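Asks: Quick one: the structure is below, and I'll ask about it shortly.
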Amino acid sequence: MESTQDKIRLVSSLQRWKPWAIGAAALIIGLLLADALHGLFAEFSYHSLVEAIRSTPSRALALAVVATAVSYFALTGYDHSSLRYVGASVAYSIAAQTAFIAYALSNTIGLGVLTGGAVRMRFYSAAGVEAGLISRAIAFNALAFGLGISAVGALALLWGADAVGPAIHLPPLVLKSVALAIVIATFSLIVLCRDGRERLLFGRVRLRLPSASLALQQLFFSAIDIGATAAVLWLLLPPDSIAFPAFLGFFAIAVVLGVLSHLPGGLGVFEAIMLLALQDHVPAESLAAALVLYRLIYYVLPLLLALALLVMHELRRGAATAVSRAAISLAPLLLAAYTLVIGVMLLISGVTPATDEATDLLALHVPLPLVEASHFLGSIAGLGLLFVARGMLLRLDAAWWAGLLIGIASLLLAIPKGFAVSEMILIGCLVVALALSHSQFTRRASLLAQPFTGGWLLSVLAIVAALTGLLFFAYRDVDYTQELWWQFEFDGHAPRSLRALVAVALLALALAMRQLLRPPAARLPKVNEQELDHAARIVRTQPSADANVALLGDKHFLFSESGNAFVMFGRRGRSWVSLFDPVGPQSEWPDLVWRFLEMTRTQGGRASFYQVRPQTLPVYLDAGLRVFKLGEYASVPLADFSLKGRSRSALRQAVNRGEREGLVLEMLDADAVHARIHELRALSDAWLAEHRAAEKGFSLGSFADSYVSRMPVALVRQHERPIAFATLMTTDRKVEASVDLMRHLSDAPNGTMDFLFTKLLLHFQSQGFERFGLGMAPLSGMAEHPLAPGWHRVGRLLFAHGENFYNFQGLRAFKEKFDPDWEARYLAAPGGMAPLFVLADIAALISGGLKGVIAK
């Protein structure tokens, strides 16, 4: 046992250091690429780069914009086809809007599966698509992209291998052979898709392939997308510098390596590979200029358009549909991405010289102290926006105010800093979008009080390092002496930029040190009677009966600021697990979720939410968590429940047989339970001894006098002898009733529990309740689709073959007797290996430790 726990701790520790390891790897790759590019950058200067950007023909810019539009149109086809494949019906207008926003975000800030997945989950859920279908559509998208770029890149290599081979030091024949193999494999896959049925691949992998027409359609969209994306950059190069097929081969390689780097948009890696690969074909300054323009046109411009789409939805808020509301709810994510872009833009502006024309105008119309101050403060504003962007992701009202005020200040500083008109336009777009989106930033919390993750701090460090390299590249002809610091002149760009960069670096270091030296949070106190009574009052006013398990006393509470809602959670190791959705008014749930996440991160833990409902998934997706299906919850609608008809014959017979054998259901209120608690405990102890089981906890009730006495009990007597009981969970709303503890004697007649449940359904129906909850069937309803996530495949295997560990199928079969409605339940948790650790800790919380998990 100790060995297993040691392994779990080791893997958990590795997961904790994973972001730092990725950051270190990215730094090493960056240093290697910088070393490789050092000689190349020596061939041109910053001024020649600026001149190359300015001399790019307007026609080339216009064609690049058209190619970008074609690429994004093809990307919308990805989503439409993937939805068809999983059998979801969504209007093309919704799929196109979703795909455009998802790709605009993921292309700009990276993490495409996570960011794009959150957008798709938001939009398609609003359009009525089930979460499992959305997950499969996302998986199909990823496979289609991989297949498409492989096929298109292979065709390009077949054509241009003679040009690509020498650049990457491989014989053209080898490249052509590999490319031909990929083309043949792609053609073979399409042939296998001719009838769209399930096939056994390699003798062991079952896969239901799409139809040949759908596969060809997806391949067509891939070809259009990749070809158009490559054309954006190719059109910006000097004419006749390299043939398009050869260029497409280089482009496909650079894109794949950029994706594998996990950096936002492959930033840096993509550029470095293209510069190294094309150095013999295109002048270095022309290629660098094309890469800068490519980033602006293909990445920043769509993000601006996505922001404009958001503004349109905001202006039409009065006539908003469910999809429009989903778009509006994405405001913090879009604004965070755009704020990050503006922050980087201001920082770049701070370390690069103004144009000669701007410098001459400044000398004529603006006092030198104002120029110096605006340049310095503009750089500080850029750094501030990097940190504000993360606050926007957290939907902080303080981040909205900070972003708006910094945006307005940067707008005013752009004129004395260098008559930066284009900069003013971009900042103005941010200010307008923020002004229209205040309602989406609902969380009242301090901006600096939020803990910054190691990954975020590493990203800021990487940006500062890149700025340092850019500064030395822009001013490499300047002699860096001590006197340089104190030069204040209109054309003193180098000292001005150097002072700004040092200020930015020192401020970033101060913020990082403040984060690292944060005092540890206080230990959580044990729950007290006042908190339990407060929670009980909230539970009684809301519809969910299962929330009564909060009163068990083994969980902690996080109450909302109003005191009208709470999160109940347990903690084991690094796992902080909230049980169910928050309890109380739904308007207070998002803030509670964010506060729970922040409290957990402050303590160095991993937050998760156990058994959450499909309707609430967007709340957790907005918070950056991923969702994993746990099983299905059964509830019986009571309005039309009866014992009539063939389908209810088994229940009818159970009631009749029980009554013949002298079974009687007695309902005990809380006062009666208190008076007969010893009688109930004796029955419970006998059941535990018979089953050699220990009491559970967390999500399941245990027989504690203080807990059982808070709720009514259904007692089954055979004549006068108590033989079974169940504790009942209800609220004053009379919407849902459910059971918690269920215990019976070993010699109780067969069918006693069927008798008990059937009688309870009839009782609560007569009391006017809407539904009766039968609880969850773990691992039930997992997707059988070939593109289902590995999580679902493991779940299906356990459900089918895990009877030695848990009665999965028997529990499902028992609940099926009552013909219930089934609703999915999910775990919301971080990605990677975290869900496995969380589930292990949840099992330990329920069973009282890992020993309890293994024992029973």
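A note on labels: chains of the structure tokens are A, B, ... as shown, every chain counts residues from 1, and ligands are counted from 1 in their shown order.
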Could you find all residues in range 504-582 of chain A that DSSP calls alpha helix (DSSP H) from the backbone, and write them as a PDB file with all heavy atoms, in the first residue's frame?
Replies:
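Saved file part.pdb follows:
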ATOM      1  N   VAL A 504      10.398  47.751 -17.316  1.00  0.00           N
ATOM      2  CA  VAL A 504       9.476  46.630 -17.518  1.00  0.00           C
ATOM      3  C   VAL A 504      10.021  45.365 -16.853  1.00  0.00           C
ATOM      4  O   VAL A 504       9.292  44.641 -16.155  1.00  0.00           O
ATOM      5  CB  VAL A 504       9.242  46.395 -19.021  1.00  0.00           C
ATOM      6  CG1 VAL A 504       8.601  45.027 -19.267  1.00  0.00           C
ATOM      7  CG2 VAL A 504       8.365  47.491 -19.596  1.00  0.00           C
ATOM      8  N   ALA A 505      11.336  45.104 -17.054  1.00  0.00           N
ATOM      9  CA  ALA A 505      11.939  43.899 -16.479  1.00  0.00           C
ATOM     10  C   ALA A 505      11.910  43.942 -14.955  1.00  0.00           C
ATOM     11  O   ALA A 505      11.587  42.942 -14.298  1.00  0.00           O
ATOM     12  CB  ALA A 505      13.368  43.752 -16.982  1.00  0.00           C
ATOM     13  N   LEU A 506      12.221  45.092 -14.371  1.00  0.00           N
ATOM     14  CA  LEU A 506      12.226  45.209 -12.909  1.00  0.00           C
ATOM     15  C   LEU A 506      10.813  45.064 -12.342  1.00  0.00           C
ATOM     16  O   LEU A 506      10.614  44.400 -11.313  1.00  0.00           O
ATOM     17  CB  LEU A 506      12.823  46.557 -12.502  1.00  0.00           C
ATOM     18  CG  LEU A 506      14.333  46.707 -12.726  1.00  0.00           C
ATOM     19  CD1 LEU A 506      14.785  48.128 -12.378  1.00  0.00           C
ATOM     20  CD2 LEU A 506      15.110  45.691 -11.884  1.00  0.00           C
ATOM     21  N   LEU A 507       9.840  45.672 -13.000  1.00  0.00           N
ATOM     22  CA  LEU A 507       8.463  45.569 -12.517  1.00  0.00           C
ATOM     23  C   LEU A 507       7.950  44.135 -12.639  1.00  0.00           C
ATOM     24  O   LEU A 507       7.267  43.624 -11.741  1.00  0.00           O
ATOM     25  CB  LEU A 507       7.566  46.528 -13.302  1.00  0.00           C
ATOM     26  CG  LEU A 507       6.113  46.636 -12.834  1.00  0.00           C
ATOM     27  CD1 LEU A 507       6.056  47.031 -11.361  1.00  0.00           C
ATOM     28  CD2 LEU A 507       5.355  47.645 -13.683  1.00  0.00           C
ATOM     29  N   ALA A 508       8.284  43.468 -13.755  1.00  0.00           N
ATOM     30  CA  ALA A 508       7.878  42.067 -13.918  1.00  0.00           C
ATOM     31  C   ALA A 508       8.524  41.199 -12.847  1.00  0.00           C
ATOM     32  O   ALA A 508       7.887  40.302 -12.282  1.00  0.00           O
ATOM     33  CB  ALA A 508       8.262  41.577 -15.312  1.00  0.00           C
ATOM     34  N   LEU A 509       9.797  41.471 -12.541  1.00  0.00           N
ATOM     35  CA  LEU A 509      10.487  40.716 -11.497  1.00  0.00           C
ATOM     36  C   LEU A 509       9.838  40.954 -10.135  1.00  0.00           C
ATOM     37  O   LEU A 509       9.659  40.019  -9.354  1.00  0.00           O
ATOM     38  CB  LEU A 509      11.962  41.122 -11.458  1.00  0.00           C
ATOM     39  CG  LEU A 509      12.821  40.434 -10.386  1.00  0.00           C
ATOM     40  CD1 LEU A 509      12.866  38.926 -10.634  1.00  0.00           C
ATOM     41  CD2 LEU A 509      14.234  41.017 -10.384  1.00  0.00           C
ATOM     42  N   ALA A 510       9.446  42.212  -9.873  1.00  0.00           N
ATOM     43  CA  ALA A 510       8.811  42.519  -8.594  1.00  0.00           C
ATOM     44  C   ALA A 510       7.480  41.782  -8.457  1.00  0.00           C
ATOM     45  O   ALA A 510       7.166  41.231  -7.388  1.00  0.00           O
ATOM     46  CB  ALA A 510       8.597  44.029  -8.477  1.00  0.00           C
ATOM     47  N   LEU A 511       6.700  41.754  -9.533  1.00  0.00           N
ATOM     48  CA  LEU A 511       5.418  41.048  -9.486  1.00  0.00           C
ATOM     49  C   LEU A 511       5.629  39.546  -9.302  1.00  0.00           C
ATOM     50  O   LEU A 511       4.873  38.884  -8.581  1.00  0.00           O
ATOM     51  CB  LEU A 511       4.617  41.330 -10.756  1.00  0.00           C
ATOM     52  CG  LEU A 511       4.063  42.751 -10.886  1.00  0.00           C
ATOM     53  CD1 LEU A 511       3.499  42.971 -12.287  1.00  0.00           C
ATOM     54  CD2 LEU A 511       2.988  43.004  -9.834  1.00  0.00           C
ATOM     55  N   ALA A 512       6.646  38.999  -9.982  1.00  0.00           N
ATOM     56  CA  ALA A 512       6.939  37.569  -9.836  1.00  0.00           C
ATOM     57  C   ALA A 512       7.381  37.247  -8.409  1.00  0.00           C
ATOM     58  O   ALA A 512       6.953  36.244  -7.824  1.00  0.00           O
ATOM     59  CB  ALA A 512       8.010  37.158 -10.834  1.00  0.00           C
ATOM     60  N   MET A 513       8.239  38.096  -7.843  1.00  0.00           N
ATOM     61  CA  MET A 513       8.708  37.862  -6.474  1.00  0.00           C
ATOM     62  C   MET A 513       7.541  37.983  -5.482  1.00  0.00           C
ATOM     63  O   MET A 513       7.451  37.217  -4.517  1.00  0.00           O
ATOM     64  CB  MET A 513       9.801  38.863  -6.120  1.00  0.00           C
ATOM     65  CG  MET A 513      11.104  38.646  -6.885  1.00  0.00           C
ATOM     66  SD  MET A 513      11.809  36.993  -6.583  1.00  0.00           S
ATOM     67  CE  MET A 513      12.214  37.128  -4.842  1.00  0.00           C
ATOM     68  N   ARG A 514       6.657  38.933  -5.735  1.00  0.00           N
ATOM     69  CA  ARG A 514       5.484  39.070  -4.867  1.00  0.00           C
ATOM     70  C   ARG A 514       4.645  37.804  -4.895  1.00  0.00           C
ATOM     71  O   ARG A 514       4.119  37.366  -3.872  1.00  0.00           O
ATOM     72  CB  ARG A 514       4.645  40.263  -5.331  1.00  0.00           C
ATOM     73  CG  ARG A 514       3.428  40.549  -4.464  1.00  0.00           C
ATOM     74  CD  ARG A 514       2.640  41.728  -5.033  1.00  0.00           C
ATOM     75  NE  ARG A 514       1.525  42.103  -4.174  1.00  0.00           N
ATOM     76  CZ  ARG A 514       0.348  41.500  -4.165  1.00  0.00           C
ATOM     77  NH1 ARG A 514       0.128  40.491  -5.002  1.00  0.00           N
ATOM     78  NH2 ARG A 514      -0.612  41.898  -3.346  1.00  0.00           N
ATOM     79  N   GLN A 515       4.543  37.213  -6.078  1.00  0.00           N
ATOM     80  CA  GLN A 515       3.787  35.971  -6.205  1.00  0.00           C
ATOM     81  C   GLN A 515       4.484  34.827  -5.480  1.00  0.00           C
ATOM     82  O   GLN A 515       3.848  34.060  -4.752  1.00  0.00           O
ATOM     83  CB  GLN A 515       3.618  35.623  -7.686  1.00  0.00           C
ATOM     84  CG  GLN A 515       3.091  34.232  -7.961  1.00  0.00           C
ATOM     85  CD  GLN A 515       1.655  34.076  -7.534  1.00  0.00           C
ATOM     86  OE1 GLN A 515       0.939  35.058  -7.408  1.00  0.00           O
ATOM     87  NE2 GLN A 515       1.237  32.847  -7.266  1.00  0.00           N
ATOM     88  N   LEU A 516       5.799  34.721  -5.661  1.00  0.00           N
ATOM     89  CA  LEU A 516       6.532  33.603  -5.073  1.00  0.00           C
ATOM     90  C   LEU A 516       6.618  33.707  -3.558  1.00  0.00           C
ATOM     91  O   LEU A 516       6.729  32.686  -2.869  1.00  0.00           O
ATOM     92  CB  LEU A 516       7.942  33.544  -5.671  1.00  0.00           C
ATOM     93  CG  LEU A 516       8.010  33.200  -7.170  1.00  0.00           C
ATOM     94  CD1 LEU A 516       9.430  33.342  -7.684  1.00  0.00           C
ATOM     95  CD2 LEU A 516       7.494  31.790  -7.423  1.00  0.00           C
ATOM     96  N   GLU A 529     -21.447  23.747  14.026  1.00  0.00           N
ATOM     97  CA  GLU A 529     -22.907  23.636  13.999  1.00  0.00           C
ATOM     98  C   GLU A 529     -23.555  24.844  13.342  1.00  0.00           C
ATOM     99  O   GLU A 529     -24.574  24.725  12.656  1.00  0.00           O
ATOM    100  CB  GLU A 529     -23.448  23.458  15.420  1.00  0.00           C
ATOM    101  CG  GLU A 529     -23.239  22.069  15.997  1.00  0.00           C
ATOM    102  CD  GLU A 529     -23.959  20.996  15.184  1.00  0.00           C
ATOM    103  OE1 GLU A 529     -25.101  21.243  14.731  1.00  0.00           O
ATOM    104  OE2 GLU A 529     -23.376  19.909  14.987  1.00  0.00           O
ATOM    105  N   GLN A 530     -22.968  26.037  13.540  1.00  0.00           N
ATOM    106  CA  GLN A 530     -23.535  27.241  12.930  1.00  0.00           C
ATOM    107  C   GLN A 530     -23.494  27.140  11.404  1.00  0.00           C
ATOM    108  O   GLN A 530     -24.466  27.501  10.716  1.00  0.00           O
ATOM    109  CB  GLN A 530     -22.774  28.485  13.401  1.00  0.00           C
ATOM    110  CG  GLN A 530     -23.002  28.860  14.849  1.00  0.00           C
ATOM    111  CD  GLN A 530     -22.204  27.981  15.812  1.00  0.00           C
ATOM    112  OE1 GLN A 530     -21.278  27.276  15.397  1.00  0.00           O
ATOM    113  NE2 GLN A 530     -22.591  28.006  17.081  1.00  0.00           N
ATOM    114  N   GLU A 531     -22.374  26.633  10.875  1.00  0.00           N
ATOM    115  CA  GLU A 531     -22.265  26.472   9.421  1.00  0.00           C
ATOM    116  C   GLU A 531     -23.246  25.418   8.920  1.00  0.00           C
ATOM    117  O   GLU A 531     -23.867  25.591   7.858  1.00  0.00           O
ATOM    118  CB  GLU A 531     -20.829  26.091   9.052  1.00  0.00           C
ATOM    119  CG  GLU A 531     -19.828  27.222   9.193  1.00  0.00           C
ATOM    120  CD  GLU A 531     -18.422  26.775   8.827  1.00  0.00           C
ATOM    121  OE1 GLU A 531     -18.014  25.687   9.271  1.00  0.00           O
ATOM    122  OE2 GLU A 531     -17.740  27.509   8.099  1.00  0.00           O
ATOM    123  N   LEU A 532     -23.387  24.331   9.670  1.00  0.00           N
ATOM    124  CA  LEU A 532     -24.332  23.285   9.261  1.00  0.00           C
ATOM    125  C   LEU A 532     -25.761  23.817   9.251  1.00  0.00           C
ATOM    126  O   LEU A 532     -26.541  23.534   8.326  1.00  0.00           O
ATOM    127  CB  LEU A 532     -24.220  22.082  10.185  1.00  0.00           C
ATOM    128  CG  LEU A 532     -23.017  21.151   9.960  1.00  0.00           C
ATOM    129  CD1 LEU A 532     -22.945  20.108  11.059  1.00  0.00           C
ATOM    130  CD2 LEU A 532     -23.116  20.478   8.604  1.00  0.00           C
ATOM    131  N   ASP A 533     -26.116  24.600  10.248  1.00  0.00           N
ATOM    132  CA  ASP A 533     -27.466  25.163  10.289  1.00  0.00           C
ATOM    133  C   ASP A 533     -27.681  26.151   9.150  1.00  0.00           C
ATOM    134  O   ASP A 533     -28.767  26.206   8.545  1.00  0.00           O
ATOM    135  CB  ASP A 533     -27.700  25.858  11.634  1.00  0.00           C
ATOM    136  CG  ASP A 533     -27.796  24.867  12.783  1.00  0.00           C
ATOM    137  OD1 ASP A 533     -28.064  23.673  12.519  1.00  0.00           O
ATOM    138  OD2 ASP A 533     -27.582  25.269  13.947  1.00  0.00           O
ATOM    139  N   HIS A 534     -26.643  26.949   8.852  1.00  0.00           N
ATOM    140  CA  HIS A 534     -26.722  27.891   7.728  1.00  0.00           C
ATOM    141  C   HIS A 534     -26.916  27.139   6.420  1.00  0.00           C
ATOM    142  O   HIS A 534     -27.777  27.489   5.598  1.00  0.00           O
ATOM    143  CB  HIS A 534     -25.448  28.737   7.689  1.00  0.00           C
ATOM    144  CG  HIS A 534     -25.491  29.835   6.690  1.00  0.00           C
ATOM    145  ND1 HIS A 534     -24.417  30.676   6.467  1.00  0.00           N
ATOM    146  CD2 HIS A 534     -26.447  30.236   5.819  1.00  0.00           C
ATOM    147  CE1 HIS A 534     -24.739  31.544   5.522  1.00  0.00           C
ATOM    148  NE2 HIS A 534     -25.954  31.294   5.113  1.00  0.00           N
ATOM    149  N   ALA A 535     -26.112  26.068   6.227  1.00  0.00           N
ATOM    150  CA  ALA A 535     -26.243  25.260   5.018  1.00  0.00           C
ATOM    151  C   ALA A 535     -27.625  24.619   4.934  1.00  0.00           C
ATOM    152  O   ALA A 535     -28.232  24.540   3.853  1.00  0.00           O
ATOM    153  CB  ALA A 535     -25.152  24.192   4.978  1.00  0.00           C
ATOM    154  N   ALA A 536     -28.153  24.163   6.062  1.00  0.00           N
ATOM    155  CA  ALA A 536     -29.467  23.516   6.074  1.00  0.00           C
ATOM    156  C   ALA A 536     -30.556  24.483   5.627  1.00  0.00           C
ATOM    157  O   ALA A 536     -31.480  24.104   4.893  1.00  0.00           O
ATOM    158  CB  ALA A 536     -29.769  22.986   7.472  1.00  0.00           C
ATOM    159  N   ARG A 537     -30.448  25.748   6.046  1.00  0.00           N
ATOM    160  CA  ARG A 537     -31.448  26.748   5.636  1.00  0.00           C
ATOM    161  C   ARG A 537     -31.399  26.963   4.118  1.00  0.00           C
ATOM    162  O   ARG A 537     -32.447  27.116   3.468  1.00  0.00           O
ATOM    163  CB  ARG A 537     -31.196  28.061   6.373  1.00  0.00           C
ATOM    164  CG  ARG A 537     -31.562  28.016   7.853  1.00  0.00           C
ATOM    165  CD  ARG A 537     -31.589  29.414   8.454  1.00  0.00           C
ATOM    166  NE  ARG A 537     -30.269  30.027   8.480  1.00  0.00           N
ATOM    167  CZ  ARG A 537     -29.388  29.892   9.461  1.00  0.00           C
ATOM    168  NH1 ARG A 537     -29.691  29.142  10.521  1.00  0.00           N
ATOM    169  NH2 ARG A 537     -28.225  30.496   9.410  1.00  0.00           N
ATOM    170  N   ILE A 538     -30.199  26.976   3.550  1.00  0.00           N
ATOM    171  CA  ILE A 538     -30.072  27.155   2.095  1.00  0.00           C
ATOM    172  C   ILE A 538     -30.610  25.936   1.363  1.00  0.00           C
ATOM    173  O   ILE A 538     -31.325  26.058   0.357  1.00  0.00           O
ATOM    174  CB  ILE A 538     -28.597  27.417   1.720  1.00  0.00           C
ATOM    175  CG1 ILE A 538     -28.123  28.736   2.333  1.00  0.00           C
ATOM    176  CG2 ILE A 538     -28.424  27.444   0.204  1.00  0.00           C
ATOM    177  CD1 ILE A 538     -26.636  28.989   2.154  1.00  0.00           C
ATOM    178  N   VAL A 539     -30.283  24.743   1.865  1.00  0.00           N
ATOM    179  CA  VAL A 539     -30.727  23.508   1.218  1.00  0.00           C
ATOM    180  C   VAL A 539     -32.246  23.462   1.131  1.00  0.00           C
ATOM    181  O   VAL A 539     -32.826  23.066   0.116  1.00  0.00           O
ATOM    182  CB  VAL A 539     -30.179  22.278   1.972  1.00  0.00           C
ATOM    183  CG1 VAL A 539     -30.866  21.002   1.502  1.00  0.00           C
ATOM    184  CG2 VAL A 539     -28.672  22.162   1.778  1.00  0.00           C
ATOM    185  N   ARG A 540     -32.923  23.883   2.181  1.00  0.00           N
ATOM    186  CA  ARG A 540     -34.388  23.807   2.209  1.00  0.00           C
ATOM    187  C   ARG A 540     -35.045  24.712   1.158  1.00  0.00           C
ATOM    188  O   ARG A 540     -36.175  24.457   0.744  1.00  0.00           O
ATOM    189  CB  ARG A 540     -34.912  24.184   3.597  1.00  0.00           C
ATOM    190  CG  ARG A 540     -34.668  23.123   4.657  1.00  0.00           C
ATOM    191  CD  ARG A 540     -35.527  23.369   5.880  1.00  0.00           C
ATOM    192  NE  ARG A 540     -35.180  24.623   6.556  1.00  0.00           N
ATOM    193  CZ  ARG A 540     -34.288  24.716   7.534  1.00  0.00           C
ATOM    194  NH1 ARG A 540     -33.655  23.619   7.959  1.00  0.00           N
ATOM    195  NH2 ARG A 540     -34.034  25.874   8.108  1.00  0.00           N
TER     196      ARG A 540
END
Asks: Which residues are near Leu383 in chain A? Cut-off 9 Å, only C-alpha atoms, ignore same chain within fewer than 2 positions. Put them as a tab-separated table (two decimals) with N, CA, C and O atoms, in the first residue's frame.
Replies:
chain	number	residue	atom	x	y	z
A	343	GLY	N	-1.07	44.33	-25.27
A	343	GLY	CA	0.03	44.46	-24.33
A	343	GLY	C	1.38	44.19	-24.99
A	343	GLY	O	2.35	44.94	-24.81
A	344	VAL	N	1.45	43.10	-25.78
A	344	VAL	CA	2.69	42.79	-26.49
A	344	VAL	C	3.02	43.88	-27.51
A	344	VAL	O	4.18	44.27	-27.66
A	346	LEU	N	2.30	47.09	-27.33
A	346	LEU	CA	2.83	48.26	-26.62
A	346	LEU	C	4.27	48.01	-26.18
A	346	LEU	O	5.11	48.93	-26.21
A	347	LEU	N	4.57	46.80	-25.75
A	347	LEU	CA	5.93	46.49	-25.32
A	347	LEU	C	6.90	46.54	-26.50
A	347	LEU	O	8.03	47.04	-26.38
A	378	GLY	N	4.03	54.11	-21.62
A	378	GLY	CA	3.42	53.20	-22.58
A	378	GLY	C	3.94	51.78	-22.43
A	378	GLY	O	3.18	50.81	-22.55
A	379	SER	N	5.22	51.65	-22.14
A	379	SER	CA	5.80	50.31	-21.93
A	379	SER	C	5.28	49.69	-20.65
A	379	SER	O	4.96	48.49	-20.60
A	380	ILE	N	5.18	50.51	-19.60
A	380	ILE	CA	4.64	50.00	-18.34
A	380	ILE	C	3.18	49.56	-18.54
A	380	ILE	O	2.74	48.54	-18.01
A	381	ALA	N	2.44	50.33	-19.34
A	381	ALA	CA	1.04	49.97	-19.64
A	381	ALA	C	0.98	48.62	-20.35
A	381	ALA	O	0.09	47.80	-20.08
A	385	LEU	N	-1.01	45.30	-19.06
A	385	LEU	CA	-2.05	44.59	-19.80
A	385	LEU	C	-1.81	43.09	-19.85
A	385	LEU	O	-2.77	42.30	-19.94
A	386	LEU	N	-0.55	42.65	-19.79
A	386	LEU	CA	-0.28	41.21	-19.75
A	386	LEU	C	-0.89	40.58	-18.51
A	386	LEU	O	-1.43	39.46	-18.56
A	387	PHE	N	-0.80	41.27	-17.39
A	387	PHE	CA	-1.36	40.74	-16.15
A	387	PHE	C	-2.88	40.98	-16.08
A	387	PHE	O	-3.61	40.16	-15.53
A	388	VAL	N	-3.33	42.09	-16.65
A	388	VAL	CA	-4.76	42.36	-16.69
A	388	VAL	C	-5.48	41.30	-17.53
A	388	VAL	O	-6.61	40.90	-17.22
A	460	VAL	N	5.39	35.55	-19.36
A	460	VAL	CA	5.83	36.94	-19.24
A	460	VAL	C	7.35	37.02	-19.34
A	460	VAL	O	7.90	37.91	-20.00
A	504	VAL	N	10.40	47.75	-17.32
A	504	VAL	CA	9.48	46.63	-17.52
A	504	VAL	C	10.02	45.37	-16.85
A	504	VAL	O	9.29	44.64	-16.15
A	507	LEU	N	9.84	45.67	-13.00
A	507	LEU	CA	8.46	45.57	-12.52
A	507	LEU	C	7.95	44.14	-12.64
A	507	LEU	O	7.27	43.62	-11.74
A	508	ALA	N	8.28	43.47	-13.76
A	508	ALA	CA	7.88	42.07	-13.92
A	508	ALA	C	8.52	41.20	-12.85
A	508	ALA	O	7.89	40.30	-12.28
Asks: Write out as a ChimeraX atom specification which residues come within 7 Å of range 222-230 of chain A when counting only C-alpha atoms, dropping same-chain ones fewer than 3 positions away.
Replies: /A:67-68,70-71,74-75,145,148-149,152,218-219,233-234,248,251
Asks: Would you list, as a PyMOL selection string, the residues of range 525-645 of chain A that end up in strand (DSSP E) under DSSP run on this structure's backbone?
Replies: chain A and resi 556-559+566-572+575-579+606-612+626-637
Asks: In Å to one decimal, how far is CA of Ala829 in chain A from CA of Val627 in chain A?
Replies: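 Separation between CA of Val627 in chain A and CA of Ala829 in chain A: 6.4 Å.
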Asks: Give me, as an MDAnalysis selection string, all polymer residues having an atom no more than 8 Å from Arg574 in chain A, counting only C-alpha atoms and skipping those fewer than 4 positions away in the same chain.
Replies: chainID A and resid 604:606
Asks: May I have the residues within 9 Å of Val655 in chain A as a list in words, using only C-alpha atoms and disregarding those fewer than 2 positions away in the same chain?
Replies: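 My list of contacting residues is Ala650, Leu651, Arg652, Gln653, Arg657, Gly658, Glu659, Arg660, Leu663, Gly751, Thr752, Asp754, Phe755, Leu756, Thr758 and Lys759 of chain A.
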Asks: Create the file for the chosen residues now, containing C-alpha atoms and written as a PDB file, in the first residue's frame.
Replies:
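Final output, saved to selection-v1.pdb:
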ATOM      1  CA  ALA A 650     -42.855  -6.284 -11.830  1.00  0.00           C
ATOM      2  CA  LEU A 651     -43.393  -3.328  -9.489  1.00  0.00           C
ATOM      3  CA  ARG A 652     -47.070  -4.157  -9.126  1.00  0.00           C
ATOM      4  CA  GLN A 653     -46.219  -7.727  -8.207  1.00  0.00           C
ATOM      5  CA  ARG A 657     -46.354  -9.812  -2.713  1.00  0.00           C
ATOM      6  CA  GLY A 658     -45.045  -7.524   0.031  1.00  0.00           C
ATOM      7  CA  GLU A 659     -48.502  -6.762   1.327  1.00  0.00           C
ATOM      8  CA  ARG A 660     -49.358 -10.478   1.374  1.00  0.00           C
ATOM      9  CA  LEU A 663     -44.954  -5.546   4.772  1.00  0.00           C
ATOM     10  CA  GLY A 751     -38.340  -7.831  -3.147  1.00  0.00           C
ATOM     11  CA  THR A 752     -38.403  -5.762   0.059  1.00  0.00           C
ATOM     12  CA  ASP A 754     -38.652  -2.975  -4.640  1.00  0.00           C
ATOM     13  CA  PHE A 755     -41.622  -2.675  -2.287  1.00  0.00           C
ATOM     14  CA  LEU A 756     -39.966   0.197  -0.419  1.00  0.00           C
ATOM     15  CA  THR A 758     -42.442   1.685  -5.231  1.00  0.00           C
ATOM     16  CA  LYS A 759     -44.314   2.794  -2.122  1.00  0.00           C
TER      17      LYS A 759
END
